[in-house]
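Structure file final-v1.csv (CSV, C-alpha atoms and all ligand atoms) follows.
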```
chain,number,residue,atom,x,y,z
M,1,MET,CA,-20.8,1.5,-16.8
M,2,SER,CA,-18.0,-0.6,-18.5
M,3,ARG,CA,-15.1,-2.0,-16.3
M,4,ALA,CA,-12.7,0.5,-18.1
M,5,GLY,CA,-15.0,3.4,-17.5
M,6,ARG,CA,-15.4,2.4,-13.8
M,7,LYS,CA,-11.6,2.3,-13.3
M,8,ILE,CA,-11.1,5.7,-14.8
M,9,ASP,CA,-14.0,7.0,-12.7
M,10,HIS,CA,-12.2,5.6,-9.6
M,11,ILE,CA,-9.0,7.4,-10.5
M,12,ASN,CA,-10.8,10.7,-11.0
M,13,TYR,CA,-12.8,10.5,-7.8
M,14,ALA,CA,-9.9,9.1,-5.8
M,15,LEU,CA,-7.8,12.1,-6.8
M,16,SER,CA,-10.6,14.6,-5.9
M,17,THR,CA,-11.1,13.1,-2.4
M,18,ALA,CA,-7.6,12.0,-1.4
M,19,SER,CA,-6.9,15.1,0.8
M,20,ALA,CA,-9.0,13.7,3.7
M,21,ASN,CA,-6.9,12.6,6.6
M,22,GLY,CA,-7.3,10.6,9.8
M,23,ALA,CA,-4.6,8.0,9.5
M,24,GLY,CA,-3.4,8.9,13.0
M,25,PHE,CA,0.1,10.3,12.1
M,26,GLU,CA,-0.8,13.5,13.9
M,27,ASP,CA,-1.0,11.5,17.1
M,28,VAL,CA,2.6,10.3,16.9
M,29,LYS,CA,5.5,12.6,18.1
M,30,PHE,CA,9.2,11.9,18.3
M,31,VAL,CA,11.3,13.0,21.2
M,32,HIS,CA,13.8,15.6,19.9
M,33,GLN,CA,17.4,14.8,20.5
M,34,SER,CA,19.9,17.7,20.7
M,35,LEU,CA,22.9,15.5,20.4
M,36,PRO,CA,22.1,12.9,17.7
M,37,ASP,CA,25.8,12.1,17.1
M,38,CYS,CA,25.1,11.4,13.4
M,39,ALA,CA,25.8,12.8,9.9
M,40,ILE,CA,23.7,12.7,6.8
M,41,ASP,CA,26.3,10.5,5.1
M,42,ASN,CA,25.9,7.9,7.9
M,43,ILE,CA,22.3,7.3,7.0
M,44,SER,CA,21.1,4.1,5.3
M,45,LEU,CA,17.5,4.0,3.9
M,46,GLN,CA,17.8,0.4,3.0
M,47,THR,CA,15.1,-2.0,4.3
M,48,LYS,CA,13.8,-5.5,3.8
M,49,ILE,CA,10.3,-6.8,3.3
M,50,GLY,CA,10.7,-10.5,4.1
M,51,GLU,CA,13.4,-11.5,1.6
M,52,LEU,CA,12.9,-8.5,-0.7
M,53,ILE,CA,15.7,-5.9,-0.3
M,54,LEU,CA,14.7,-2.3,-1.0
M,55,SER,CA,17.1,0.6,-1.3
M,56,SER,CA,14.4,3.0,0.0
M,57,PRO,CA,11.7,2.3,2.7
M,58,PHE,CA,8.8,3.5,0.6
M,59,PHE,CA,7.2,2.3,-2.6
M,60,ILE,CA,4.5,2.9,-5.2
M,61,ASN,CA,1.5,0.9,-4.0
M,62,ALA,CA,-1.1,-0.9,-6.2
M,63,MET,CA,-3.3,1.2,-8.5
M,64,THR,CA,-5.0,1.3,-11.8
M,65,GLY,CA,-5.9,-2.3,-12.7
M,66,GLY,CA,-7.7,-2.6,-16.0
M,67,GLY,CA,-9.0,0.5,-17.9
M,68,GLY,CA,-7.3,0.2,-21.3
M,69,ASP,CA,-5.0,2.7,-22.9
M,70,LYS,CA,-5.3,5.5,-20.3
M,71,THR,CA,-4.3,3.0,-17.5
M,72,LYS,CA,-1.5,1.6,-19.6
M,73,THR,CA,-0.1,5.1,-20.0
M,74,LEU,CA,-0.3,5.7,-16.2
M,75,ASN,CA,1.3,2.4,-15.5
M,76,GLU,CA,4.1,3.2,-17.9
M,77,GLY,CA,4.6,6.6,-16.1
M,78,LEU,CA,4.7,4.8,-12.7
M,79,ALA,CA,7.2,2.3,-14.1
M,80,ILE,CA,9.5,5.0,-15.5
M,81,ALA,CA,9.5,6.8,-12.1
M,82,ALA,CA,10.2,3.5,-10.3
M,83,ARG,CA,13.1,2.7,-12.6
M,84,GLU,CA,14.7,6.1,-12.3
M,85,THR,CA,14.4,6.1,-8.5
M,86,GLY,CA,14.9,2.4,-7.7
M,87,LEU,CA,11.5,2.3,-5.9
M,88,MET,CA,9.5,-0.9,-5.7
M,89,LEU,CA,6.2,-0.7,-7.7
M,90,SER,CA,3.0,-2.7,-7.3
M,91,VAL,CA,0.7,-2.9,-10.2
M,92,GLY,CA,-3.1,-2.7,-9.8
M,93,SER,CA,-5.4,-5.8,-9.8
M,94,GLN,CA,-4.5,-8.0,-12.7
M,95,MET,CA,-7.9,-9.7,-12.7
M,96,ALA,CA,-8.9,-7.6,-15.7
M,97,ALA,CA,-6.1,-9.3,-17.7
M,98,LEU,CA,-7.2,-12.7,-16.5
M,99,LYS,CA,-10.7,-12.0,-17.9
M,100,ASP,CA,-9.6,-10.2,-21.1
M,101,SER,CA,-6.2,-11.0,-22.5
M,102,THR,CA,-6.1,-7.8,-24.5
M,103,GLU,CA,-5.5,-6.1,-21.1
M,104,ARG,CA,-2.2,-7.9,-20.5
M,105,GLU,CA,-0.2,-5.0,-22.0
M,106,THR,CA,-1.6,-2.7,-19.4
M,107,TYR,CA,0.5,-4.5,-16.8
M,108,SER,CA,3.4,-6.1,-18.8
M,109,ILE,CA,4.4,-2.5,-19.9
M,110,THR,CA,5.8,-2.1,-16.3
M,111,ARG,CA,8.3,-4.9,-16.8
M,112,LYS,CA,9.1,-3.8,-20.3
M,113,VAL,CA,10.0,-0.3,-19.1
M,114,ASN,CA,11.7,-1.5,-15.9
M,115,PRO,CA,13.3,-4.8,-16.6
M,116,GLU,CA,15.5,-4.9,-13.6
M,117,GLY,CA,13.1,-3.4,-11.0
M,118,MET,CA,11.2,-4.8,-8.1
M,119,ILE,CA,7.7,-5.2,-9.5
M,120,ILE,CA,4.8,-6.7,-7.4
M,121,GLY,CA,1.7,-8.4,-8.9
M,122,ASN,CA,-1.8,-7.9,-7.6
M,123,LEU,CA,-5.0,-9.9,-7.4
M,124,GLY,CA,-8.1,-10.1,-5.1
M,125,SER,CA,-8.7,-12.9,-2.6
M,126,GLU,CA,-11.2,-14.5,-5.1
M,127,ALA,CA,-8.1,-15.6,-7.1
M,128,THR,CA,-7.1,-19.3,-7.4
M,129,LEU,CA,-3.5,-20.6,-7.3
M,130,ASP,CA,-3.5,-21.0,-11.1
M,131,GLN,CA,-4.6,-17.4,-11.6
M,132,ALA,CA,-1.9,-16.3,-9.1
M,133,LYS,CA,0.8,-18.1,-11.1
M,134,TYR,CA,-0.5,-16.5,-14.3
M,135,ALA,CA,-0.4,-13.0,-12.8
M,136,VAL,CA,3.2,-13.5,-11.6
M,137,ASP,CA,4.3,-14.8,-15.0
M,138,MET,CA,2.6,-11.9,-16.8
M,139,ILE,CA,5.0,-9.3,-15.3
M,140,GLU,CA,7.8,-11.6,-13.9
M,141,ALA,CA,6.7,-10.4,-10.5
M,142,ASN,CA,9.1,-10.5,-7.6
M,143,ALA,CA,6.1,-11.0,-5.2
M,144,LEU,CA,2.3,-11.0,-5.4
M,145,GLN,CA,-0.1,-8.9,-3.4
M,146,ILE,CA,-3.5,-10.4,-2.6
M,147,HIS,CA,-5.9,-7.6,-1.7
M,148,LEU,CA,-8.8,-7.7,0.7
M,149,ASN,CA,-11.6,-5.2,-0.2
M,150,VAL,CA,-14.8,-6.4,1.4
M,151,VAL,CA,-16.2,-2.9,2.1
M,152,GLN,CA,-15.5,-1.7,-1.4
M,153,GLU,CA,-17.3,-4.7,-2.9
M,154,LEU,CA,-20.3,-4.3,-0.6
M,155,ALA,CA,-20.4,-0.6,-1.5
M,156,MET,CA,-20.6,-1.4,-5.2
M,157,PRO,CA,-24.0,-2.5,-6.5
M,158,GLU,CA,-22.3,-4.9,-8.9
M,159,GLY,CA,-19.7,-6.0,-6.3
M,160,ASP,CA,-19.2,-9.4,-4.7
M,161,ARG,CA,-21.6,-10.5,-1.9
M,162,SER,CA,-19.8,-13.6,-0.7
M,163,PHE,CA,-16.3,-13.6,0.9
M,164,ALA,CA,-16.4,-17.2,2.0
M,165,GLY,CA,-13.3,-19.3,1.4
M,166,ALA,CA,-10.8,-16.4,1.0
M,167,LEU,CA,-8.5,-17.6,3.7
M,168,ASN,CA,-8.3,-21.1,2.2
M,169,ARG,CA,-7.5,-19.6,-1.2
M,170,ILE,CA,-4.8,-17.4,0.3
M,171,GLU,CA,-3.3,-20.4,2.0
M,172,SER,CA,-3.1,-22.4,-1.2
M,173,ILE,CA,-1.5,-19.5,-3.0
M,174,VAL,CA,1.1,-19.0,-0.2
M,175,ASN,CA,1.9,-22.7,-0.4
M,176,GLY,CA,1.9,-23.1,-4.1
M,177,LEU,CA,3.6,-19.9,-5.4
M,178,GLN,CA,7.4,-19.5,-5.8
M,179,VAL,CA,7.5,-15.8,-4.9
M,180,PRO,CA,6.5,-14.1,-1.6
M,181,VAL,CA,2.8,-13.3,-1.0
M,182,ILE,CA,1.8,-10.0,0.6
M,183,VAL,CA,-1.8,-9.8,1.8
M,184,LYS,CA,-3.0,-6.2,1.8
M,185,GLU,CA,-6.0,-4.2,2.8
M,186,THR,CA,-7.2,-1.4,0.6
M,187,GLY,CA,-8.0,1.5,3.0
M,188,PHE,CA,-9.9,-0.1,5.9
M,189,GLY,CA,-7.0,-1.4,8.0
M,190,MET,CA,-6.1,-4.8,9.5
M,191,SER,CA,-6.8,-5.9,13.1
M,192,LYS,CA,-4.7,-8.2,15.2
M,193,GLU,CA,-7.4,-10.8,14.8
M,194,THR,CA,-7.1,-10.7,11.0
M,195,ALA,CA,-3.3,-10.7,11.3
M,196,ASN,CA,-3.5,-13.9,13.5
M,197,LYS,CA,-5.7,-15.7,11.0
M,198,LEU,CA,-3.4,-14.8,8.1
M,199,LYS,CA,-0.4,-15.9,10.1
M,200,ALA,CA,-2.0,-19.3,10.8
M,201,ALA,CA,-2.6,-19.6,7.1
M,202,GLY,CA,1.2,-19.3,6.5
M,203,VAL,CA,1.2,-15.6,5.4
M,204,SER,CA,4.5,-13.9,6.4
M,205,ILE,CA,4.0,-10.3,5.0
M,206,ILE,CA,1.0,-8.0,5.3
M,207,ASP,CA,0.2,-4.5,4.2
M,208,VAL,CA,-2.2,-2.9,6.7
M,209,GLY,CA,-3.8,-0.6,4.1
M,210,GLY,CA,-5.3,1.6,6.8
M,211,TYR,CA,-8.1,4.2,6.9
M,212,GLY,CA,-7.1,7.8,6.4
M,213,GLY,CA,-6.2,8.1,2.8
M,214,THR,CA,-7.9,6.9,-0.4
M,215,ASN,CA,-11.4,5.8,0.7
M,216,PHE,CA,-13.1,3.3,-1.6
M,217,SER,CA,-16.4,3.6,0.3
M,218,LYS,CA,-16.6,7.3,-0.6
M,219,ILE,CA,-15.4,6.5,-4.1
M,220,GLU,CA,-18.2,3.9,-4.7
M,221,ASN,CA,-20.9,5.8,-2.7
M,222,HIS,CA,-20.3,8.8,-4.9
M,223,ARG,CA,-21.7,6.9,-7.8
M,224,GLN,CA,-24.9,5.8,-6.1
M,225,ASP,CA,-28.3,7.4,-5.5
M,226,ARG,CA,-28.8,5.5,-2.3
M,227,GLN,CA,-25.5,5.7,-0.5
M,228,LEU,CA,-24.1,3.3,2.1
M,229,ALA,CA,-22.7,6.3,4.0
M,230,PHE,CA,-22.1,4.3,7.2
M,231,PHE,CA,-19.0,2.8,5.4
M,232,ASN,CA,-17.5,6.2,4.8
M,233,ASP,CA,-15.8,6.4,8.2
M,234,TRP,CA,-15.4,2.7,8.6
M,235,GLY,CA,-12.0,1.2,9.3
M,236,ILE,CA,-8.9,1.1,11.4
M,237,PRO,CA,-6.7,4.1,10.9
M,238,THR,CA,-3.2,3.3,9.6
M,239,VAL,CA,-1.3,4.1,12.8
M,240,PRO,CA,-3.3,1.9,15.2
M,241,SER,CA,-3.4,-0.8,12.5
M,242,ILE,CA,0.4,-0.9,12.4
M,243,VAL,CA,0.5,-1.3,16.2
M,244,GLU,CA,-2.4,-3.9,16.1
M,245,THR,CA,-0.4,-6.2,13.7
M,246,SER,CA,3.3,-5.5,14.3
M,247,SER,CA,3.6,-8.0,17.2
M,248,THR,CA,2.1,-10.8,15.0
M,249,PHE,CA,4.3,-10.1,11.9
M,250,PRO,CA,8.0,-9.2,11.7
M,251,SER,CA,7.3,-7.8,8.2
M,252,ILE,CA,4.4,-5.4,7.9
M,253,ILE,CA,4.0,-2.7,5.4
M,254,ALA,CA,2.3,0.6,6.4
M,255,SER,CA,-0.1,2.2,3.9
M,256,GLY,CA,-3.2,4.3,3.8
M,257,GLY,CA,-3.0,8.1,3.9
M,258,ILE,CA,0.8,8.2,3.7
M,259,SER,CA,1.8,11.3,1.7
M,260,GLN,CA,4.9,12.8,3.4
M,261,SER,CA,8.4,11.7,4.5
M,262,ILE,CA,7.6,12.2,8.2
M,263,ASP,CA,4.7,9.7,7.9
M,264,VAL,CA,7.1,7.1,6.3
M,265,ILE,CA,9.6,7.5,9.2
M,266,LYS,CA,6.8,7.4,11.8
M,267,SER,CA,5.6,4.2,10.3
M,268,LEU,CA,9.0,2.6,10.4
M,269,SER,CA,9.5,3.7,14.0
M,270,LEU,CA,6.2,2.0,14.9
M,271,GLY,CA,7.4,-1.3,13.5
M,272,ALA,CA,6.7,-1.2,9.8
M,273,CYS,CA,9.5,-2.3,7.4
M,274,ALA,CA,8.3,-0.1,4.5
M,275,ALA,CA,5.5,2.3,3.6
M,276,GLY,CA,3.3,2.2,0.5
M,277,ILE,CA,2.0,5.3,-1.2
M,278,ALA,CA,-0.8,5.2,-3.8
M,279,GLY,CA,-3.2,8.1,-4.2
M,280,THR,CA,-0.6,10.8,-3.6
M,281,PHE,CA,1.8,9.5,-6.2
M,282,LEU,CA,-1.0,9.0,-8.7
M,283,ARG,CA,-2.0,12.6,-8.3
M,284,ILE,CA,1.6,13.8,-8.8
M,285,LEU,CA,2.0,11.6,-11.9
M,286,ILE,CA,-1.2,13.0,-13.5
M,287,GLU,CA,-0.5,16.6,-12.6
M,288,HIS,CA,3.3,16.7,-13.3
M,289,GLY,CA,4.1,13.6,-15.3
M,290,PRO,CA,6.9,11.0,-14.6
M,291,GLU,CA,9.5,13.7,-14.2
M,292,GLY,CA,7.5,15.4,-11.5
M,293,LEU,CA,7.1,12.1,-9.7
M,294,ILE,CA,10.8,11.3,-10.0
M,295,GLU,CA,11.6,14.8,-8.5
M,296,GLU,CA,9.1,14.2,-5.6
M,297,ILE,CA,10.5,10.7,-4.8
M,298,ASN,CA,14.1,12.0,-4.8
M,299,ALA,CA,13.1,14.9,-2.6
M,300,MET,CA,11.4,12.5,-0.2
M,301,LYS,CA,14.5,10.3,0.0
M,302,MET,CA,16.6,13.4,1.0
M,303,GLU,CA,14.0,14.4,3.6
M,304,GLN,CA,14.0,11.0,5.1
M,305,THR,CA,17.8,11.1,5.6
M,306,MET,CA,17.4,14.5,7.2
M,307,ILE,CA,14.7,13.3,9.7
M,308,MET,CA,16.8,10.2,10.5
M,309,THR,CA,19.9,12.4,11.1
M,310,ALA,CA,17.9,14.7,13.5
M,311,LEU,CA,16.7,11.6,15.4
M,312,GLY,CA,20.2,10.0,15.5
M,313,ALA,CA,18.9,6.9,13.8
M,314,LYS,CA,21.5,5.6,11.2
M,315,ASN,CA,19.2,2.9,9.8
M,316,ILE,CA,15.7,1.4,10.0
M,317,VAL,CA,16.6,-0.9,13.0
M,318,ASP,CA,17.7,2.2,15.0
M,319,LEU,CA,14.4,3.9,14.2
M,320,ARG,CA,12.4,1.1,15.9
M,321,LYS,CA,14.3,1.8,19.2
M,322,LEU,CA,13.3,5.4,19.4
M,323,PRO,CA,10.9,6.6,22.1
M,324,ILE,CA,7.6,7.7,20.7
M,325,ILE,CA,4.8,9.8,22.3
M,326,LEU,CA,1.2,8.7,21.3
M,327,SER,CA,-1.8,10.9,22.0
M,328,GLY,CA,-5.4,11.6,20.9
M,329,PRO,CA,-7.6,9.1,19.2
M,330,THR,CA,-4.7,6.8,18.5
M,331,TYR,CA,-3.7,6.5,22.2
M,332,HIS,CA,-7.4,5.9,23.0
M,333,TRP,CA,-7.7,3.2,20.4
M,334,LEU,CA,-4.6,1.4,21.6
M,335,HIS,CA,-5.7,1.7,25.2
M,336,MET,CA,-9.1,0.1,24.5
M,337,ARG,CA,-7.3,-2.7,22.7
M,338,GLY,CA,-4.8,-3.3,25.4
M,339,LEU,CA,-1.9,-2.3,23.0
M,340,GLU,CA,-0.6,0.9,24.5
F,1,LIG,C1,-6.0,1.6,-5.5
F,1,LIG,N1,-5.7,0.6,-4.6
F,1,LIG,C2,-5.7,-0.7,-5.1
F,1,LIG,N2,-5.2,-1.7,-4.3
F,1,LIG,C3,-5.1,-3.0,-4.7
F,1,LIG,O1,-4.6,-3.9,-4.0
F,1,LIG,N3,-5.5,-3.3,-6.0
F,1,LIG,C4,-5.9,-2.4,-6.9
F,1,LIG,O2,-6.3,-2.7,-8.0
F,1,LIG,C5,-6.1,-1.0,-6.4
F,1,LIG,N4,-6.6,-0.1,-7.2
F,1,LIG,C6,-6.5,1.3,-6.8
F,1,LIG,C7,-6.8,2.3,-7.7
F,1,LIG,C8,-6.7,3.6,-7.4
F,1,LIG,C9,-7.0,4.7,-8.3
F,1,LIG,C10,-6.2,3.9,-6.1
F,1,LIG,C11,-6.0,5.4,-5.6
F,1,LIG,C12,-5.9,2.9,-5.2
F,1,LIG,C13,-5.5,0.8,-3.2
F,1,LIG,C14,-4.1,1.3,-2.8
F,1,LIG,O3,-3.2,0.3,-3.1
F,1,LIG,C15,-4.0,1.6,-1.3
F,1,LIG,O4,-4.3,0.4,-0.6
F,1,LIG,C16,-5.1,2.7,-0.9
F,1,LIG,O5,-5.2,3.6,-2.0
F,1,LIG,C17,-4.6,3.4,0.3
F,1,LIG,O6,-3.4,4.1,0.1
F,1,LIG,P1,-3.3,5.7,-0.2
F,1,LIG,O7,-4.0,5.9,-1.6
F,1,LIG,O8,-4.1,6.4,0.9
F,1,LIG,O9,-1.8,6.0,-0.3
```
Represent the structure of the file as structure tokens.
Amino acid sequence: MSRAGRKIDHINYALSTASANGAGFEDVKFVHQSLPDCAIDNISLQTKIGELILSSPFFINAMTGGGGDKTKTLNEGLAIAARETGLMLSVGSQMAALKDSTERETYSITRKVNPEGMIIGNLGSEATLDQAKYAVDMIEANALQIHLNVVQELAMPEGDRSFAGALNRIESIVNGLQVPVIVKETGFGMSKETANKLKAAGVSIIDVGGYGGTNFSKIENHRQDRQLAFFNDWGIPTVPSIVETSSTFPSIIASGGISQSIDVIKSLSLGACAAGIAGTFLRILIEHGPEGLIEEINAMKMEQTMIMTALGAKNIVDLRKLPIILSGPTYHWLHMRGLE
């Protein structure tokens, strides 16, 4: 199958399987406060990812790299929604445009549509510093995501089989690039051991990309006769992954299986500085167009101010001080890892 065909296949199958859960948010409960001493107008949703200042604590995470005209139209829709709501937008892997310059428009459309917005580039850990610079220039990116997707590659018959040298390449990109670098997982989560390695390489922002949402093992296995089914439930769920990594990094992004406002607020209270949403926003865009996505994002902003009002948390810093009750598999995971 061609690269473009594979990307469209990904999107279709990602959408049909995205309802599965297991990110761990059901194991997190807030302690209700009857006297929050707070009004909706007092709430600030503003947050910071490293030096990037965001007006809302959630954003549209990386999707749809390569894939020709259909992908370009989706990226345009995502960029319109990001522009109208002030949300940060990450584009999907730009490697396709590094290999085939006719794909550049697929990504640069986002900057054309949203000239003032916060737009993040995206490449895999096979990228060199020169490729990283080229990707940033292509969309005048405010930061660059480097994604880690070992399990997805292994699950693809045509995927990479060597992951050697990735940390060295990441280190040279962090040292040589003018914009911040965010190292992200793609649905299998990050451990504290991985976080420590990344920190030693100079990385200052990570996106945990946890298990519990879009599942690239299932997506790739779905295309195979002989399936690597053992990878289908592989990975660190998003909630434990936030706790695994938040003591190593002051700036972590929560993502993987986040689809509701309450998951965003739970992520922030566990120590994330922002939450990325991919599959859920793509589904809304495809089913309801950019207008539907704008409506959803605005509704989510309102819901988040309501949740924070009920909790008596006026800003993101207050959210981190709230008591939280953890139960179930998440509590068990953190206990086994000495992190409870
Ligand atoms: C993705 N994701 C992704 N991530 C990345 O870093 N580069 C990429 O090119 C892509 N491509 C991509 C395509 C499609 C169709 C989907 C749905 C997702 C992964 C994404 O950013 C995120 O890490 C995971 O999807 C988990 O988040 P959700 O979908 O559970 O919110």
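Put simply, atom CA of M:Ala127 is 28.5 Å away from atom CA of M:Arg83.
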Exercise for review: List all protein, DNA and RNA residues that have at least one atom no more than 6 Å from any atom of ligand LIG 1 (chain F), counting only C-alpha atoms and all ligand atoms, and write them as a ChimeraX atom specification.
Suggested key: /M:10-11,14,61-65,92-93,147,185-187,209,213-214,255-258,277-280
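The interatomic distance for the pair atom CA of M:Leu74 and atom CA of M:Glu291 works out to 12.8 Å.
Residue nearest M:Lys218, chosen from M:Asn196, M:Thr128, M:Thr110, M:Gln152 and counting only C-alpha atoms: M:Gln152.
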Practice item. Please provide as number ranges by chain all residues within 10 Å of stretch 164-171 of chain M, with the sequence filter that same-chain residues fewer than 3 positions apart are discarded (counting only C-alpha atoms). Key: M: 124-129, 132, 146, 148, 161, 174-176, 181-183, 197-203
Point to revise | For M:Thr106, the nearest of the candidates M:Asp137, M:Glu76, M:Glu84, M:Asp225, counting only C-alpha atoms | key: M:Glu76
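Atom to atom, atom CA of M:Phe58 and atom CA of M:Met302 stand 12.6 Å apart.
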Review point. Neighbours of M:Ile53 within 10 Å (all atoms listed in the file; same-chain residues fewer than 5 positions away dropped), as an NGL selection string?
Key: :M and (46-48 or 88 or 118)
Exercise for review: List every protein, DNA or RNA residue with an atom no more than 9 Å from (-3.3, -10.1, -13.4) in the file's coordinates, counting all atoms listed in the file, and format the result as a count of residues only.
Suggested key: 23
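Distances here use all atoms listed in the file; by that measure, the residue among M:Ile307, M:Thr245, M:Ile253, M:Glu51 closest to M:Pro180 is M:Glu51.
When only C-alpha atoms are used to compute distances to M:Tyr211, the closest of the residues M:Ala23, M:Ala272, M:Met306, M:Ile120 turns out to be M:Ala23.
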Point to revise | Counting all atoms listed in the file, the residue of M:Ser56, M:Gln260, M:Ser90, M:Thr309 that sits nearest M:Ala274 | key: M:Ser56
Exercise for review: Could you give me, as a ChimeraX atom specification, the residues that have an atom at most 10 Å away from the point (22.3, 13.4, 6.3) in the coordinates of the file, using only C-alpha atoms?
Suggested key: /M:38-44,302-310,314
Revision key, fill the gap. Using only C-alpha atoms, the best pick from M:Ser101, M:Thr238, M:Gln227, M:Asn142 as closest to M:Pro115 would be M:Asn142
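Summary of the local environment: counting all atoms listed in the file, residues at most 7 Å from M:Leu326, other than itself and those fewer than 5 positions away along its chain, are Asp27, Val28, Lys29 and Tyr331 of chain M.
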From the structure block, carefully write stretch 205-239 of chain M out with C-alpha atoms; format it as an mmCIF file, in the first residue's frame.
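decode-v4.cif was written with the following content:
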```cif
data_model
loop_
_atom_site.group_PDB
_atom_site.id
_atom_site.type_symbol
_atom_site.label_atom_id
_atom_site.label_comp_id
_atom_site.auth_asym_id
_atom_site.auth_seq_id
_atom_site.Cartn_x
_atom_site.Cartn_y
_atom_site.Cartn_z
ATOM 1 C CA ILE M 205 9.547 18.935 27.894
ATOM 2 C CA ILE M 206 7.932 15.523 27.355
ATOM 3 C CA ASP M 207 4.465 14.359 26.299
ATOM 4 C CA VAL M 208 3.746 11.023 28.002
ATOM 5 C CA GLY M 209 1.500 9.795 25.148
ATOM 6 C CA GLY M 210 0.048 7.061 27.340
ATOM 7 C CA TYR M 211 -1.929 3.883 26.710
ATOM 8 C CA GLY M 212 -5.718 4.104 26.805
ATOM 9 C CA GLY M 213 -6.691 6.000 23.662
ATOM 10 C CA THR M 214 -5.614 5.635 20.047
ATOM 11 C CA ASN M 215 -3.747 2.330 19.837
ATOM 12 C CA PHE M 216 -1.242 1.997 17.004
ATOM 13 C CA SER M 217 -0.640 -1.664 17.727
ATOM 14 C CA LYS M 218 -4.310 -2.418 17.063
ATOM 15 C CA ILE M 219 -4.275 -0.111 14.038
ATOM 16 C CA GLU M 220 -1.263 -1.865 12.474
ATOM 17 C CA ASN M 221 -2.301 -5.384 13.509
ATOM 18 C CA HIS M 222 -5.663 -4.856 11.885
ATOM 19 C CA ARG M 223 -3.861 -4.791 8.522
ATOM 20 C CA GLN M 224 -1.939 -8.073 9.073
ATOM 21 C CA ASP M 225 -2.782 -11.750 8.596
ATOM 22 C CA ARG M 226 -0.383 -12.788 11.365
ATOM 23 C CA GLN M 227 -0.965 -10.303 14.165
ATOM 24 C CA LEU M 228 1.445 -9.262 16.921
ATOM 25 C CA ALA M 229 -1.528 -9.258 19.298
ATOM 26 C CA PHE M 230 0.705 -9.158 22.408
ATOM 27 C CA PHE M 231 1.363 -5.488 21.633
ATOM 28 C CA ASN M 232 -2.363 -4.623 21.735
ATOM 29 C CA ASP M 233 -2.463 -4.170 25.505
ATOM 30 C CA TRP M 234 1.178 -3.096 25.827
ATOM 31 C CA GLY M 235 2.082 0.175 27.449
ATOM 32 C CA ILE M 236 1.840 2.479 30.451
ATOM 33 C CA PRO M 237 -1.630 3.971 30.879
ATOM 34 C CA THR M 238 -1.686 7.765 30.754
ATOM 35 C CA VAL M 239 -2.414 8.405 34.449
#
```
